[in-house]
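Here is run33.cif, consisting of mmCIF, C-alpha atoms:
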data_query
loop_
_atom_site.label_atom_id
_atom_site.label_comp_id
_atom_site.auth_asym_id
_atom_site.auth_seq_id
_atom_site.Cartn_x
_atom_site.Cartn_y
_atom_site.Cartn_z
CA MET W 1 11.94 17.95 -7.38
CA THR W 2 13.07 15.20 -4.98
CA ALA W 3 9.77 15.45 -3.09
CA ARG W 4 7.83 15.09 -6.36
CA LEU W 5 9.88 12.07 -7.41
CA LYS W 6 9.32 10.55 -3.98
CA ALA W 7 5.58 11.20 -4.20
CA PHE W 8 5.54 9.69 -7.72
CA GLY W 9 7.36 6.57 -6.46
CA LEU W 10 5.07 6.27 -3.43
CA PHE W 11 1.99 6.55 -5.66
CA TRP W 12 3.12 3.66 -7.86
CA TYR W 13 4.23 1.61 -4.84
CA ASP W 14 0.80 2.07 -3.28
CA PHE W 15 -0.97 1.43 -6.60
CA ILE W 16 0.87 -1.80 -7.38
CA ILE W 17 2.06 -3.24 -4.07
CA GLY W 18 -0.65 -1.84 -1.79
CA ASP W 19 -0.56 -1.94 1.98
CA ASP W 20 0.80 -5.47 2.39
CA TRP W 21 4.10 -6.00 0.59
CA THR W 22 4.30 -9.61 1.78
CA VAL W 23 1.45 -10.55 -0.59
CA ALA W 24 3.36 -9.16 -3.57
CA ALA W 25 6.54 -10.90 -2.39
CA GLY W 26 4.63 -14.18 -1.91
CA VAL W 27 3.19 -13.96 -5.43
CA VAL W 28 6.64 -13.39 -6.95
CA ILE W 29 8.11 -16.31 -5.00
CA ALA W 30 5.21 -18.61 -5.96
CA LEU W 31 5.61 -17.78 -9.67
CA ALA W 32 9.38 -18.29 -9.43
CA VAL W 33 8.80 -21.73 -7.85
CA VAL W 34 6.38 -22.59 -10.69
CA ALA W 35 9.02 -21.57 -13.24
CA VAL W 36 11.57 -23.88 -11.59
CA VAL W 37 9.22 -26.84 -10.98
CA SER W 38 7.73 -26.67 -14.49
CA ARG W 39 11.17 -27.49 -15.91
CA THR W 40 11.01 -30.86 -14.13
CA SER W 41 8.59 -33.73 -14.64
CA VAL W 42 6.58 -32.68 -11.53
CA PRO W 43 3.26 -30.88 -12.26
CA ALA W 44 3.46 -27.20 -11.27
CA TRP W 45 -0.15 -26.00 -11.71
CA TRP W 46 -1.09 -26.50 -8.03
CA ILE W 47 1.64 -24.21 -6.61
CA VAL W 48 -0.05 -20.82 -7.19
CA PRO W 49 -3.50 -21.91 -5.87
CA VAL W 50 -1.81 -23.25 -2.72
CA ALA W 51 0.16 -20.00 -2.37
CA VAL W 52 -3.08 -17.99 -2.63
CA ALA W 53 -4.75 -20.25 -0.04
CA ILE W 54 -1.88 -19.37 2.33
CA LEU W 55 -1.28 -15.70 1.41
CA LEU W 56 -4.87 -14.43 1.67
CA PRO W 57 -5.64 -15.82 5.17
CA MET W 58 -2.21 -14.70 6.40
CA SER W 59 -2.69 -11.17 5.08
CA VAL W 60 -6.20 -10.95 6.57
CA TRP W 61 -4.98 -12.39 9.86
CA ARG W 62 -2.22 -9.75 10.11
CA VAL W 63 -4.77 -6.95 9.72
CA THR W 64 -7.28 -8.42 12.20
CA ARG W 65 -4.54 -9.05 14.76
CA THR W 66 -3.43 -5.39 14.53
CA LEU W 67 -7.04 -4.16 14.78
CA ARG W 68 -7.74 -6.38 17.80
CA HIS W 69 -4.62 -5.06 19.52
CA GLU W 70 -5.66 -1.48 18.78
CA GLU W 71 -9.19 -2.13 20.08
CA SER W 72 -7.96 -3.75 23.30
CA ALA W 73 -5.43 -0.94 23.83
CA SER W 74 -8.10 1.74 23.39
CA SER W 75 -10.57 -0.03 25.69
CA SER W 76 -8.04 -0.56 28.51
CA MET O 1 -12.60 -17.03 -22.52
CA SER O 2 -15.36 -15.89 -24.87
CA ALA O 3 -15.83 -12.26 -25.86
CA TRP O 4 -18.96 -12.13 -23.68
CA ALA O 5 -17.10 -13.44 -20.61
CA LEU O 6 -14.33 -10.90 -21.25
CA PHE O 7 -16.95 -8.15 -21.59
CA ALA O 8 -18.71 -9.19 -18.36
CA ALA O 9 -15.50 -9.43 -16.31
CA VAL O 10 -14.19 -6.03 -17.46
CA PHE O 11 -17.64 -4.38 -17.17
CA LEU O 12 -18.03 -5.53 -13.55
CA ALA O 13 -14.51 -4.51 -12.54
CA CYS O 14 -14.78 -1.08 -14.17
CA SER O 15 -18.23 -0.37 -12.68
CA VAL O 16 -16.73 -0.37 -9.17
CA GLU O 17 -14.11 2.19 -10.14
CA ALA O 18 -16.68 4.27 -12.01
CA VAL O 19 -18.90 4.51 -8.91
CA GLU O 20 -16.01 5.92 -6.89
CA ALA O 21 -14.99 8.39 -9.61
CA THR O 22 -18.61 9.52 -10.04
CA THR O 23 -18.84 10.37 -6.32
CA ILE O 24 -15.79 12.64 -6.59
CA VAL O 25 -16.96 14.42 -9.76
CA LEU O 26 -20.43 14.94 -8.27
CA ALA O 27 -18.87 16.47 -5.14
CA ALA O 28 -16.66 18.79 -7.21
CA GLY O 29 -19.57 19.82 -9.44
CA THR O 30 -22.19 20.23 -6.72
CA ALA O 31 -20.05 22.13 -4.21
CA ARG O 32 -17.96 24.16 -6.64
CA ASP O 33 -18.38 24.57 -10.35
CA TRP O 34 -19.83 22.02 -12.78
CA ARG O 35 -17.97 23.40 -15.80
CA SER O 36 -14.56 23.15 -14.10
CA ALA O 37 -15.38 19.67 -12.75
CA LEU O 38 -16.38 18.48 -16.23
CA ILE O 39 -13.22 19.99 -17.77
CA GLY O 40 -11.24 18.04 -15.15
CA LEU O 41 -13.17 14.88 -16.05
CA SER O 42 -12.51 15.41 -19.78
CA ALA O 43 -8.80 16.09 -19.18
CA ALA O 44 -8.48 12.87 -17.17
CA PHE O 45 -10.28 10.93 -19.93
CA ILE O 46 -7.82 12.30 -22.52
CA VAL O 47 -4.82 11.25 -20.40
CA LEU O 48 -6.33 7.78 -19.83
CA ALA O 49 -7.17 7.34 -23.52
CA ALA O 50 -3.58 8.32 -24.38
CA ALA O 51 -2.32 5.73 -21.87
CA VAL O 52 -4.43 2.99 -23.50
CA ALA O 53 -3.36 4.08 -27.00
CA ALA O 54 0.33 4.14 -26.01
CA LEU O 55 0.49 1.05 -23.81
CA GLY O 56 -2.03 -1.15 -25.65
CA PRO O 57 0.08 -1.89 -28.74
CA ALA O 58 3.25 -2.17 -26.60
CA ILE O 59 1.66 -4.73 -24.30
CA SER O 60 0.09 -6.62 -27.20
CA ALA O 61 3.53 -6.92 -28.82
CA LEU O 62 4.92 -8.91 -25.88
CA PRO O 63 5.26 -12.68 -26.33
CA LEU O 64 2.08 -14.35 -24.94
CA GLN O 65 3.89 -16.36 -22.26
CA THR O 66 5.76 -13.30 -20.90
CA LEU O 67 2.53 -11.29 -21.04
CA ARG O 68 0.66 -13.93 -19.06
CA LEU O 69 3.41 -14.18 -16.46
CA VAL O 70 3.61 -10.41 -15.89
CA VAL O 71 -0.11 -9.77 -16.14
CA GLY O 72 -0.94 -12.83 -14.03
CA GLY O 73 1.43 -11.61 -11.31
CA PHE O 74 -0.09 -8.12 -11.29
CA LEU O 75 -3.64 -9.47 -11.32
CA LEU O 76 -2.84 -11.73 -8.39
CA VAL O 77 -1.42 -8.87 -6.32
CA PHE O 78 -4.36 -6.60 -7.23
CA GLY O 79 -6.97 -9.32 -6.78
CA LEU O 80 -5.68 -10.38 -3.37
CA GLN O 81 -5.75 -6.73 -2.20
CA TRP O 82 -9.36 -6.31 -3.34
CA LEU O 83 -10.41 -9.64 -1.87
CA ARG O 84 -8.76 -8.90 1.46
CA LYS O 85 -10.48 -5.50 1.75
CA ALA O 86 -13.85 -7.02 0.80
CA VAL O 87 -13.43 -9.84 3.35
CA LEU O 88 -12.41 -7.43 6.13
CA ARG O 89 -15.39 -5.18 5.45
CA ALA O 90 -17.91 -7.98 5.06
CA SER O 91 -16.76 -9.48 8.36
CA GLY O 92 -17.06 -6.17 10.22
CA TYR O 93 -13.35 -5.61 10.81
CA LYS O 94 -13.35 -2.52 8.63
CA ALA O 95 -16.10 0.01 8.07
CA LEU O 96 -18.11 -0.44 4.90
CA HIS O 97 -17.53 2.14 2.23
CA ASN O 98 -20.24 4.71 2.51
CA GLU O 99 -20.58 6.73 -0.71
CA ASP O 100 -22.99 9.13 1.02
CA GLU O 101 -20.51 9.85 3.81
CA ILE O 102 -17.59 10.20 1.36
CA PHE O 103 -19.73 12.55 -0.74
CA ARG O 104 -20.54 14.66 2.33
CA LYS O 105 -16.86 14.86 3.34
CA GLN O 106 -15.76 15.79 -0.20
CA LEU O 107 -18.53 18.36 -0.31
CA ALA O 108 -17.49 19.96 2.99
CA ALA O 109 -13.82 20.07 1.96
CA ALA O 110 -14.73 21.51 -1.44
CA ARG O 111 -16.91 24.24 0.08
CA ALA O 112 -14.14 25.25 2.49
CA ALA O 113 -11.49 25.72 -0.23
CA SER O 114 -10.91 29.09 -1.87
CA THR O 115 -11.63 29.78 -5.55
CA GLN O 116 -8.80 30.41 -7.99
CA ARG O 117 -9.09 30.94 -11.74
CA VAL O 118 -6.38 29.39 -13.94
CA GLY O 119 -6.66 30.10 -17.67
CA PHE O 120 -10.07 29.02 -18.96
CA VAL O 121 -10.72 26.95 -15.82
CA ALA O 122 -12.96 29.07 -13.59
CA ASP O 123 -12.40 26.99 -10.45
CA TRP O 124 -9.01 25.27 -10.19
CA TYR O 125 -10.02 23.33 -7.05
CA ALA O 126 -13.04 21.73 -8.77
CA PHE O 127 -10.86 20.94 -11.80
CA THR O 128 -8.05 19.25 -9.83
CA LEU O 129 -10.44 17.35 -7.53
CA SER O 130 -12.30 15.96 -10.52
CA PHE O 131 -9.14 15.37 -12.61
CA LYS O 132 -7.22 13.55 -9.85
CA GLY O 133 -10.21 11.43 -8.78
CA VAL O 134 -11.02 10.28 -12.31
CA LEU O 135 -7.36 9.75 -13.21
CA LEU O 136 -6.69 7.65 -10.12
CA GLU O 137 -9.76 5.43 -10.47
CA GLY O 138 -9.30 5.42 -14.24
CA LEU O 139 -5.76 4.04 -13.98
CA GLU O 140 -7.21 0.89 -12.46
CA VAL O 141 -9.73 0.73 -15.33
CA VAL O 142 -6.87 1.10 -17.84
CA PHE O 143 -4.94 -1.65 -16.08
CA ILE O 144 -7.92 -4.01 -16.19
CA VAL O 145 -8.68 -3.21 -19.85
CA LEU O 146 -5.08 -3.73 -20.95
CA THR O 147 -4.42 -6.90 -18.93
CA PHE O 148 -7.66 -8.70 -19.72
CA GLY O 149 -7.82 -7.38 -23.28
CA ALA O 150 -4.21 -8.16 -24.19
CA ASN O 151 -4.38 -11.65 -22.70
CA GLN O 152 -7.44 -12.46 -24.76
CA ASN O 153 -6.01 -10.61 -27.75
CA ASN O 154 -9.14 -8.48 -27.75
CA ILE O 155 -8.43 -5.03 -26.32
CA PRO O 156 -11.36 -3.45 -28.29
CA VAL O 157 -13.95 -5.62 -26.46
CA ALA O 158 -12.32 -4.90 -23.10
CA ALA O 159 -12.27 -1.16 -23.88
CA LEU O 160 -15.91 -1.31 -25.00
CA ALA O 161 -16.90 -3.00 -21.73
CA ALA O 162 -15.02 -0.37 -19.70
CA GLY O 163 -16.59 2.44 -21.72
CA ALA O 164 -20.08 0.99 -21.23
CA ALA O 165 -19.53 0.63 -17.47
CA VAL O 166 -18.25 4.19 -17.11
CA LEU O 167 -21.04 5.59 -19.29
CA ILE O 168 -23.86 3.77 -17.46
CA VAL O 169 -22.55 4.71 -14.01
CA ALA O 170 -21.87 8.32 -15.03
CA VAL O 171 -25.35 8.76 -16.57
CA ALA O 172 -26.94 7.23 -13.46
CA GLY O 173 -24.92 9.59 -11.27
CA ILE O 174 -25.84 12.65 -13.35
CA LEU O 175 -29.54 11.72 -13.46
CA LEU O 176 -29.71 11.08 -9.72
CA ARG O 177 -27.40 14.03 -8.91
CA SER O 178 -26.29 12.03 -5.87
CA PRO O 179 -23.68 9.37 -5.09
CA LEU O 180 -24.63 5.84 -6.06
CA ALA O 181 -24.96 4.74 -2.45
CA ARG O 182 -27.32 1.88 -3.23
CA VAL O 183 -24.81 0.09 -5.43
CA PRO O 184 -23.63 -2.96 -3.46
CA GLU O 185 -20.02 -1.93 -3.90
CA ASN O 186 -18.48 -4.43 -1.49
CA THR O 187 -20.31 -7.31 -3.17
CA MET O 188 -19.00 -6.09 -6.51
CA LYS O 189 -15.54 -5.64 -5.02
CA PHE O 190 -15.67 -9.17 -3.67
CA ALA O 191 -16.71 -10.51 -7.09
CA VAL O 192 -14.04 -8.50 -8.90
CA GLY O 193 -11.37 -9.50 -6.35
CA THR O 194 -12.35 -13.13 -6.94
CA LEU O 195 -12.14 -12.73 -10.72
CA LEU O 196 -8.82 -10.87 -10.68
CA THR O 197 -7.30 -13.44 -8.29
CA ALA O 198 -8.64 -16.41 -10.27
CA PHE O 199 -7.40 -15.08 -13.62
CA GLY O 200 -4.12 -14.13 -11.94
CA ILE O 201 -3.71 -17.70 -10.69
CA PHE O 202 -4.50 -19.10 -14.14
CA TRP O 203 -2.44 -16.76 -16.31
CA GLY O 204 0.42 -16.35 -13.82
CA ALA O 205 0.98 -20.10 -13.46
CA GLU O 206 0.62 -20.65 -17.22
CA GLY O 207 3.03 -17.82 -17.96
CA ALA O 208 5.56 -19.28 -15.52
CA GLY O 209 5.44 -22.58 -17.39
CA ALA O 210 2.70 -24.66 -15.71
CA THR O 211 0.16 -26.63 -17.74
CA TRP O 212 -3.39 -26.60 -16.38
CA PRO O 213 -5.34 -29.86 -16.36
CA GLY O 214 -8.30 -29.25 -18.68
CA ALA O 215 -6.68 -26.11 -20.15
CA ASP O 216 -9.13 -23.14 -20.07
CA ALA O 217 -11.77 -25.30 -18.33
CA ALA O 218 -9.59 -25.13 -15.20
CA LEU O 219 -10.97 -21.60 -14.72
CA LEU O 220 -14.38 -23.13 -14.02
CA VAL O 221 -12.82 -24.72 -10.93
CA ILE O 222 -10.43 -21.91 -9.95
CA ILE O 223 -13.09 -19.15 -9.87
CA PRO O 224 -15.54 -20.94 -7.51
CA LEU O 225 -12.71 -22.16 -5.28
CA THR O 226 -11.32 -18.62 -4.97
CA ALA O 227 -14.82 -17.34 -4.11
CA LEU O 228 -15.21 -20.12 -1.54
CA LEU O 229 -11.90 -19.15 0.06
CA GLY O 230 -13.10 -15.55 0.44
CA ILE O 231 -16.56 -16.54 1.71
CA GLY O 232 -15.03 -19.04 4.14
CA LEU O 233 -12.62 -16.45 5.50
CA THR O 234 -15.48 -13.97 5.90
CA ALA O 235 -17.53 -16.55 7.84
CA VAL O 236 -14.64 -17.40 10.14
CA LEU O 237 -13.83 -13.73 10.82
CA ARG O 238 -17.49 -12.89 11.47
CA ALA O 239 -17.81 -15.72 13.97
CA GLN O 240 -14.57 -14.62 15.61
CA ARG O 241 -15.74 -11.00 15.81
CA ARG O 242 -19.18 -11.99 17.09
CA ALA O 243 -17.52 -13.98 19.86
CA VAL O 244 -15.58 -10.89 20.94
CA THR O 245 -17.96 -7.98 20.35
CA GLY O 246 -21.44 -9.45 19.85
CA PRO O 247 -23.38 -9.57 16.54
CA VAL O 248 -21.77 -7.81 13.59
CA SER O 249 -24.12 -5.06 12.59
CA SER O 250 -24.85 -3.55 9.18
CA VAL O 251 -23.13 -6.30 7.29
CA ALA O 252 -24.79 -8.75 4.96
CA PRO O 253 -22.83 -11.39 2.98
CA PRO O 254 -19.77 -9.89 1.35
CA VAL O 255 -21.93 -6.87 0.71
CA GLY O 256 -21.68 -3.14 1.23
CA THR O 257 -19.28 -0.67 -0.23
CA ALA O 258 -15.65 0.00 0.27
CA ARG O 259 -12.20 1.37 -0.13
CA SER O 260 -9.49 2.12 2.37
#

Can I see the file as structure tokens?
Amino acid sequence: MTARLKAFGLFWYDFIIGDDWTVAAGVVIALAVVAVVSRTSVPAWWIVPVAVAILLPMSVWRVTRTLRHEESASSS
Amino acid sequence: MSAWALFAAVFLACSVEAVEATTIVLAAGTARDWRSALIGLSAAFIVLAAAVAALGPAISALPLQTLRLVVGGFLLVFGLQWLRKAVLRASGYKALHNEDEIFRKQLAAARAASTQRVGFVADWYAFTLSFKGVLLEGLEVVFIVLTFGANQNNIPVAALAAGAAVLIVAVAGILLRSPLARVPENTMKFAVGTLLTAFGIFWGAEGAGATWPGADAALLVIIPLTALLGIGLTAVLRAQRRAVTGPVSSVAPPVGTARS
């Protein structure tokens, strides 16, 4: 029963969060910042696009860095 | 967003999932037992239809701003995952999805498994392979239909687009009796990742309280900019990879096929 519950939880974690939890965390933080800033007189529309412009390259960079390390380790 | 734009966005997104599900059902049917594979497919459709019927009205009942915040957040997370995978594959850092190879692997695994009859299902392995594959890919279709449809207050059009995508891909797969290897899946994945991310940016920010300059017209700027970000990243990564390993082979623009 516990194993099935764990598998069920892992399935939904993988389905929603995927293999890079920092992206999901970044999205939540960006939306929270928008919610706070939008209560002030400062425009808040630019925050999420900027967050995406940071999150996507960072996430891609993390994967490529790992792959490069693996490649250099296997070739040496 | 017009009904046609909603239809096009959902149709494109669901076609990618349908291609992957078709490969699995074809493998189960070809290697094992078509009847059991089709029963598995039908059972998965019933579960998915029940999910749409149960969740659709519940999601539609949410206040629009809350809906946009939640849906926008999910779309952003999903879209960024898709876009990242498409960029990594297009730049040669990850192998392109090869429906032929996946089909061959599924076929080999299916042929090696033993046959077991359960109730009116002659081959339980073919049933579960088909059921799980369609259910898994179908959940993403359900998610896309509900999020796009509920946000535009038009779940029927979104469901129609998903149904058309699944039907066309399934018929093509059945007629060809082979995986749809020629479908440029990575290009489609790149386009869908761009759309999901762009709509996620728009709805998420709006739901959190931001006001877009130009209202809905802002999407006409967000979508191309998101695509440019992905294309730019692909170009940088390709150049980087070429500098290390030589020319990247077998990869055209964000094209190919894929899933991790």

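Among the candidates O:Leu136, O:Leu75, O:Val157, O:Ala50, the one nearest to Phe202 (chain O) when counting only C-alpha atoms is O:Leu75.
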
Each residue of chain O with at least one atom at most 6 Å from chain W should appear once, together with its nearest atom pair and the corresponding distance in Å (one decimal); atoms considered: all atoms listed in the file; ordering: chain, then increasing residue number; output as a tab-separated table.
residue	atom	partner	partner_atom	distance
O:Val77	CA	W:Ala24	CA	5.5
O:Ile201	CA	W:Val48	CA	5.9
O:Ala208	CA	W:Ala35	CA	4.7
O:Gly209	CA	W:Ser38	CA	5.5
O:Ala210	CA	W:Trp45	CA	5.1
O:Trp212	CA	W:Trp45	CA	5.7

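The spacing separating CA of Val52 (chain O) from CA of Lys189 (chain O) amounts to 23.2 Å.
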
If you count only C-alpha atoms, which residues fall within 12 Å of Ile168 (chain O), apart from same-chain ones fewer than 2 positions away, as a list in words?
->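 The neighbour list is Phe11, Leu12, Cys14, Ser15, Val16, Ala18, Val19, Thr22, Ala161, Ala162, Gly163, Ala164, Ala165, Val166, Ala170, Val171, Ala172, Gly173, Ile174, Leu175 and Leu180 of chain O.
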
Output the residue selection produced by the PyMOL selection byres ((chain O and resi 34) around 12) on the file above, formatted as a PyMOL selection string.
-> chain O and resi 24-33+35-41+121-127+129-130+174+177

Please measure the separation of CA of Glu20 (chain O) and CA of Glu137 (chain O), giving the value in Å to one decimal.
->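 Rounded to one decimal, the two atoms are 7.2 Å apart.
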
Students should find that CA of Leu160 (chain O) and CA of Ala54 (chain O) are spaced 17.2 Å

To box region 15-26 of chain W, take all atoms listed in the file, fit an axis-aligned box, add 5 Å on each side, and give centre and edge lengths in Å to one decimal, as lines of an AutoDock Vina configuration file.
center_x = 2.8
center_y = -6.4
center_z = -2.5
size_x = 17.5
size_y = 25.6
size_z = 19.8

Nearby residues (only C-alpha atoms) at most 12 Å from Ser72 (chain W), same-chain spacing under 5 positions excluded, as a PyMOL selection string | (chain W and resi 65-67) or (chain O and resi 244-245)

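The residue set within 7 Å of region 62-68 of chain O, counting all atoms listed in the file and dropping same-chain residues fewer than 6 places from it, reads Asn151, Trp203, Gly204, Glu206 and Gly207 of chain O.
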
Based on the selection just made, write C-alpha atoms of those residues as a CSV table (one decimal), keeping the file's coordinate frame.
chain,number,residue,atom,x,y,z
O,151,ASN,CA,-4.4,-11.6,-22.7
O,203,TRP,CA,-2.4,-16.8,-16.3
O,204,GLY,CA,0.4,-16.4,-13.8
O,206,GLU,CA,0.6,-20.6,-17.2
O,207,GLY,CA,3.0,-17.8,-18.0

Enumerate, as a PyMOL selection string, the residues matched when the PyMOL selection byres ((chain O and resi 155) around 10) is run on the file above.
-> chain O and resi 6+52+56-57+60+145-154+156-161

Across O:Thr226, O:Gln106, O:Thr115, O:Thr211, the smallest distance to Thr194 (chain O), with all atoms listed in the file counted, is shown by O:Thr226

For Met58 (chain W), the nearest of the candidates O:Arg84, O:Arg238, O:Ala8, O:Ala217, counting all atoms listed in the file |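 Of O:Arg84, O:Arg238, O:Ala8, O:Ala217, the one nearest Met58 (chain W), counting all atoms listed in the file, is O:Arg84.
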
Which residues come within 9 Å of Leu195 (chain O), counting only C-alpha atoms, excluding same-chain residues fewer than 6 positions away, as a PyMOL selection string?
-> chain O and resi 9+13+79+223+226-227

Output C-alpha atoms for every residue in the selection just made, as a PDB file, in the coordinates of the input.
ATOM      1  CA  ALA O   9     -15.500  -9.430 -16.310  1.00  0.00           C
ATOM      2  CA  ALA O  13     -14.510  -4.510 -12.540  1.00  0.00           C
ATOM      3  CA  GLY O  79      -6.970  -9.320  -6.780  1.00  0.00           C
ATOM      4  CA  ILE O 223     -13.090 -19.150  -9.870  1.00  0.00           C
ATOM      5  CA  THR O 226     -11.320 -18.620  -4.970  1.00  0.00           C
ATOM      6  CA  ALA O 227     -14.820 -17.340  -4.110  1.00  0.00           C
TER       7      ALA O 227
END

How about completing region 15-23 of chain W with all heavy atoms and giving it to me as an mmCIF file, keeping the file's coordinate frame?
data_model
loop_
_atom_site.group_PDB
_atom_site.id
_atom_site.type_symbol
_atom_site.label_atom_id
_atom_site.label_comp_id
_atom_site.auth_asym_id
_atom_site.auth_seq_id
_atom_site.Cartn_x
_atom_site.Cartn_y
_atom_site.Cartn_z
ATOM 1 N N PHE W 15 -0.071 1.907 -5.547
ATOM 2 C CA PHE W 15 -0.970 1.430 -6.600
ATOM 3 C C PHE W 15 -0.718 -0.050 -6.904
ATOM 4 O O PHE W 15 -1.646 -0.837 -7.059
ATOM 5 C CB PHE W 15 -0.754 2.271 -7.863
ATOM 6 C CG PHE W 15 -1.716 1.948 -8.993
ATOM 7 C CD1 PHE W 15 -3.046 2.294 -8.897
ATOM 8 C CD2 PHE W 15 -1.264 1.314 -10.141
ATOM 9 C CE1 PHE W 15 -3.930 2.005 -9.924
ATOM 10 C CE2 PHE W 15 -2.134 1.027 -11.180
ATOM 11 C CZ PHE W 15 -3.473 1.379 -11.071
ATOM 12 N N ILE W 16 0.543 -0.425 -6.968
ATOM 13 C CA ILE W 16 0.870 -1.800 -7.380
ATOM 14 C C ILE W 16 1.010 -2.738 -6.184
ATOM 15 O O ILE W 16 0.409 -3.815 -6.152
ATOM 16 C CB ILE W 16 2.166 -1.811 -8.229
ATOM 17 C CG1 ILE W 16 1.922 -1.035 -9.533
ATOM 18 C CG2 ILE W 16 2.589 -3.247 -8.557
ATOM 19 C CD1 ILE W 16 3.180 -0.694 -10.293
ATOM 20 N N ILE W 17 1.779 -2.338 -5.204
ATOM 21 C CA ILE W 17 2.060 -3.240 -4.070
ATOM 22 C C ILE W 17 0.944 -3.182 -3.026
ATOM 23 O O ILE W 17 0.600 -4.194 -2.416
ATOM 24 C CB ILE W 17 3.416 -2.878 -3.395
ATOM 25 C CG1 ILE W 17 4.539 -2.808 -4.440
ATOM 26 C CG2 ILE W 17 3.753 -3.851 -2.275
ATOM 27 C CD1 ILE W 17 4.920 -4.108 -5.087
ATOM 28 N N GLY W 18 0.408 -1.975 -2.785
ATOM 29 C CA GLY W 18 -0.650 -1.840 -1.790
ATOM 30 C C GLY W 18 -0.105 -1.790 -0.384
ATOM 31 O O GLY W 18 1.069 -1.474 -0.178
ATOM 32 N N ASP W 19 -0.980 -2.103 0.592
ATOM 33 C CA ASP W 19 -0.560 -1.940 1.980
ATOM 34 C C ASP W 19 -0.025 -3.225 2.611
ATOM 35 O O ASP W 19 0.168 -3.286 3.824
ATOM 36 C CB ASP W 19 -1.693 -1.341 2.827
ATOM 37 C CG ASP W 19 -3.022 -1.987 2.537
ATOM 38 O OD1 ASP W 19 -3.016 -3.040 1.873
ATOM 39 O OD2 ASP W 19 -4.057 -1.446 2.960
ATOM 40 N N ASP W 20 0.172 -4.264 1.839
ATOM 41 C CA ASP W 20 0.800 -5.470 2.390
ATOM 42 C C ASP W 20 1.812 -6.014 1.378
ATOM 43 O O ASP W 20 1.458 -6.753 0.466
ATOM 44 C CB ASP W 20 -0.271 -6.526 2.717
ATOM 45 C CG ASP W 20 0.311 -7.712 3.476
ATOM 46 O OD1 ASP W 20 1.546 -7.770 3.653
ATOM 47 O OD2 ASP W 20 -0.468 -8.592 3.895
ATOM 48 N N TRP W 21 3.056 -5.619 1.563
ATOM 49 C CA TRP W 21 4.100 -6.000 0.590
ATOM 50 C C TRP W 21 4.349 -7.512 0.603
ATOM 51 O O TRP W 21 4.849 -8.076 -0.374
ATOM 52 C CB TRP W 21 5.390 -5.244 0.868
ATOM 53 C CG TRP W 21 6.030 -5.590 2.183
ATOM 54 C CD1 TRP W 21 5.828 -4.966 3.370
ATOM 55 C CD2 TRP W 21 6.955 -6.651 2.442
ATOM 56 N NE1 TRP W 21 6.564 -5.558 4.357
ATOM 57 C CE2 TRP W 21 7.262 -6.600 3.820
ATOM 58 C CE3 TRP W 21 7.554 -7.632 1.655
ATOM 59 C CZ2 TRP W 21 8.145 -7.505 4.425
ATOM 60 C CZ3 TRP W 21 8.435 -8.531 2.254
ATOM 61 C CH2 TRP W 21 8.713 -8.463 3.622
ATOM 62 N N THR W 22 4.013 -8.175 1.703
ATOM 63 C CA THR W 22 4.300 -9.610 1.780
ATOM 64 C C THR W 22 3.474 -10.406 0.754
ATOM 65 O O THR W 22 3.909 -11.456 0.283
ATOM 66 C CB THR W 22 4.037 -10.165 3.193
ATOM 67 O OG1 THR W 22 2.657 -9.962 3.514
ATOM 68 C CG2 THR W 22 4.899 -9.494 4.233
ATOM 69 N N VAL W 23 2.273 -9.881 0.427
ATOM 70 C CA VAL W 23 1.450 -10.550 -0.590
ATOM 71 C C VAL W 23 2.163 -10.503 -1.938
ATOM 72 O O VAL W 23 2.276 -11.521 -2.633
ATOM 73 C CB VAL W 23 0.049 -9.894 -0.683
ATOM 74 C CG1 VAL W 23 -0.710 -10.408 -1.897
ATOM 75 C CG2 VAL W 23 -0.753 -10.166 0.582
#
